[in-house]
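K.L.:
Submitted below is the structure of interest, expressed as structure tokens.
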Amino acid sequence: MGKLNIMKETKYSNLYRIIHWAIAIAFLLLSITIFLRLTWMNKYNVAAIIQNYLSGTDQVVSQEQLIDLAKKIRQPMWNWHIYIGYVLVGLFSIRFIIPAFGHMKIQNPFGNKLSAKMKFQKWTYIIFYLCVIVSLVTGLIIELGPKEYKKPMEEIHVLGIYYLIAFIGLHLAGVLIAEFTDQKGIISRIVSGSKKEN
Ligand code: HEM
């Protein structure tokens, strides 16, 4: 933590920056898989393309088969959601273990000297972490858990899109506001670090 006149200037260690950017890049890639699934590679869109193509031929394929085919076409792309999901399980495990070794402490929202803005910021992280844990656990149960849990877990898991978009929006806005108000240089510190490390 900063001392005296540099109270507000948090120094980000190499470990902190590596974990931060690994998680950020993984979320970005994960968002791309979700985006593709909801748009270009949406099973109804793909099924409609196949049906449209087949309507010029004498082939007859049922709606069920069309959806099945569409899912098969989407699968190689969607596998990346699952690979990245496992990577995030690894990264967040590291992220939640290292505070025990004095790195990347989870920020405490209960401090009584905190301004309303700081409290909001710290609560945002806590709520985000709780949501991420729910996504990771439900994702793992969908993939590895018993079959009877698949449906209810999927119903919870797909809600992840809402907090994900909300967090990314809030986080980027927050960092930009900090950079242009009272924490000038925060963006370069999280990118390139600083000589004085913590
Ligand atoms: C923080 C991490 C994660 C987030 C934010 C997330 C987000 C999402 C979202 C938004 C969807 C729905 C896409 C749609 O609307 O069709 C989805 C589906 C899915 N996710 Fe994740 N995911 C995460 C981690 C994981 C992990 C760790 C796994 C497994 C190892 C996983 C496996 C799946 C599967 C199998 C589906 C398809 C569910 C279905 O068929 O309805 N996800 N995920």
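If you're wondering about the labels, chains in the structure tokens are A, B, ... by order shown, residues count from 1 in each chain, ligands from 1 in order shown.
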Taking 3 positions as the minimum chain separation for residues in the same chain, which residues sit within 10 Å of Gln121 (chain A) when counting only C-alpha atoms? Answer as a VMD selection string.

P.N.:
chain A and resid 107 109 115 to 118 124 to 126 170 to 171 174

K.L.:
Using only C-alpha atoms and all ligand atoms, find each protein or nucleic acid residue lying at most 8 Å from ligand 1; present the set as an NGL selection string.

P.N.:
:A and (27 or 30-31 or 34-35 or 37-38 or 81-89 or 131-144 or 151 or 154-155 or 157-164)

K.L.:
Between CA of Ala47 (chain A) and CA of Ile32 (chain A), what is the distance, to one decimal in Å?

P.N.:
20.9 Å

K.L.:
Return the single residue from A:Ile127, A:Met153, A:Ala70, A:Ala178 that is closest to Gln51 (chain A), with distances computed using only C-alpha atoms.

P.N.:
A:Ala70

K.L.:
Using only C-alpha atoms, pick whichever of A:Ala48, A:Leu91, A:Leu176, A:Met41 has the shortest atom-to-atom distance to His20 (chain A).

P.N.:
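Ranking A:Ala48, A:Leu91, A:Leu176, A:Met41 by distance to His20 (chain A), first place goes to A:Leu91.
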
K.L.:
DSSP says alpha helix (DSSP H) for which residues of chain A? Put them as a ChimeraX atom specification?

P.N.:
/A:14-38,43-54,63-97,116-144,150-157,160-180,186-192

K.L.:
For Ile67 (chain A), work out the shell of residues within 7 Å, counting only C-alpha atoms and skipping chain neighbours fewer than 3 positions away, then give it as a PyMOL selection string.

P.N.:
chain A and resi 43-44+47+63-64+70-71

K.L.:
Generate the output file for the selected residues, C-alpha atoms, as a PDB file, in the first residue's frame.

P.N.:
```pdb
ATOM      1  CA  LYS A  43     -29.050 -22.569 -33.415  1.00  0.00           C
ATOM      2  CA  TYR A  44     -32.315 -21.169 -34.843  1.00  0.00           C
ATOM      3  CA  ALA A  47     -31.196 -24.189 -38.675  1.00  0.00           C
ATOM      4  CA  GLN A  63     -37.132 -29.317 -37.350  1.00  0.00           C
ATOM      5  CA  GLU A  64     -35.555 -31.496 -34.678  1.00  0.00           C
ATOM      6  CA  ALA A  70     -27.163 -26.499 -36.028  1.00  0.00           C
ATOM      7  CA  LYS A  71     -25.885 -27.510 -32.569  1.00  0.00           C
TER       8      LYS A  71
END
```

K.L.:
Report, in Å to a single decimal, how far apart CA of Leu29 (chain A) and CA of Leu69 (chain A) are.

P.N.:
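If I compute the distance from CA of Leu69 (chain A) to CA of Leu29 (chain A), I get 24.6 Å.
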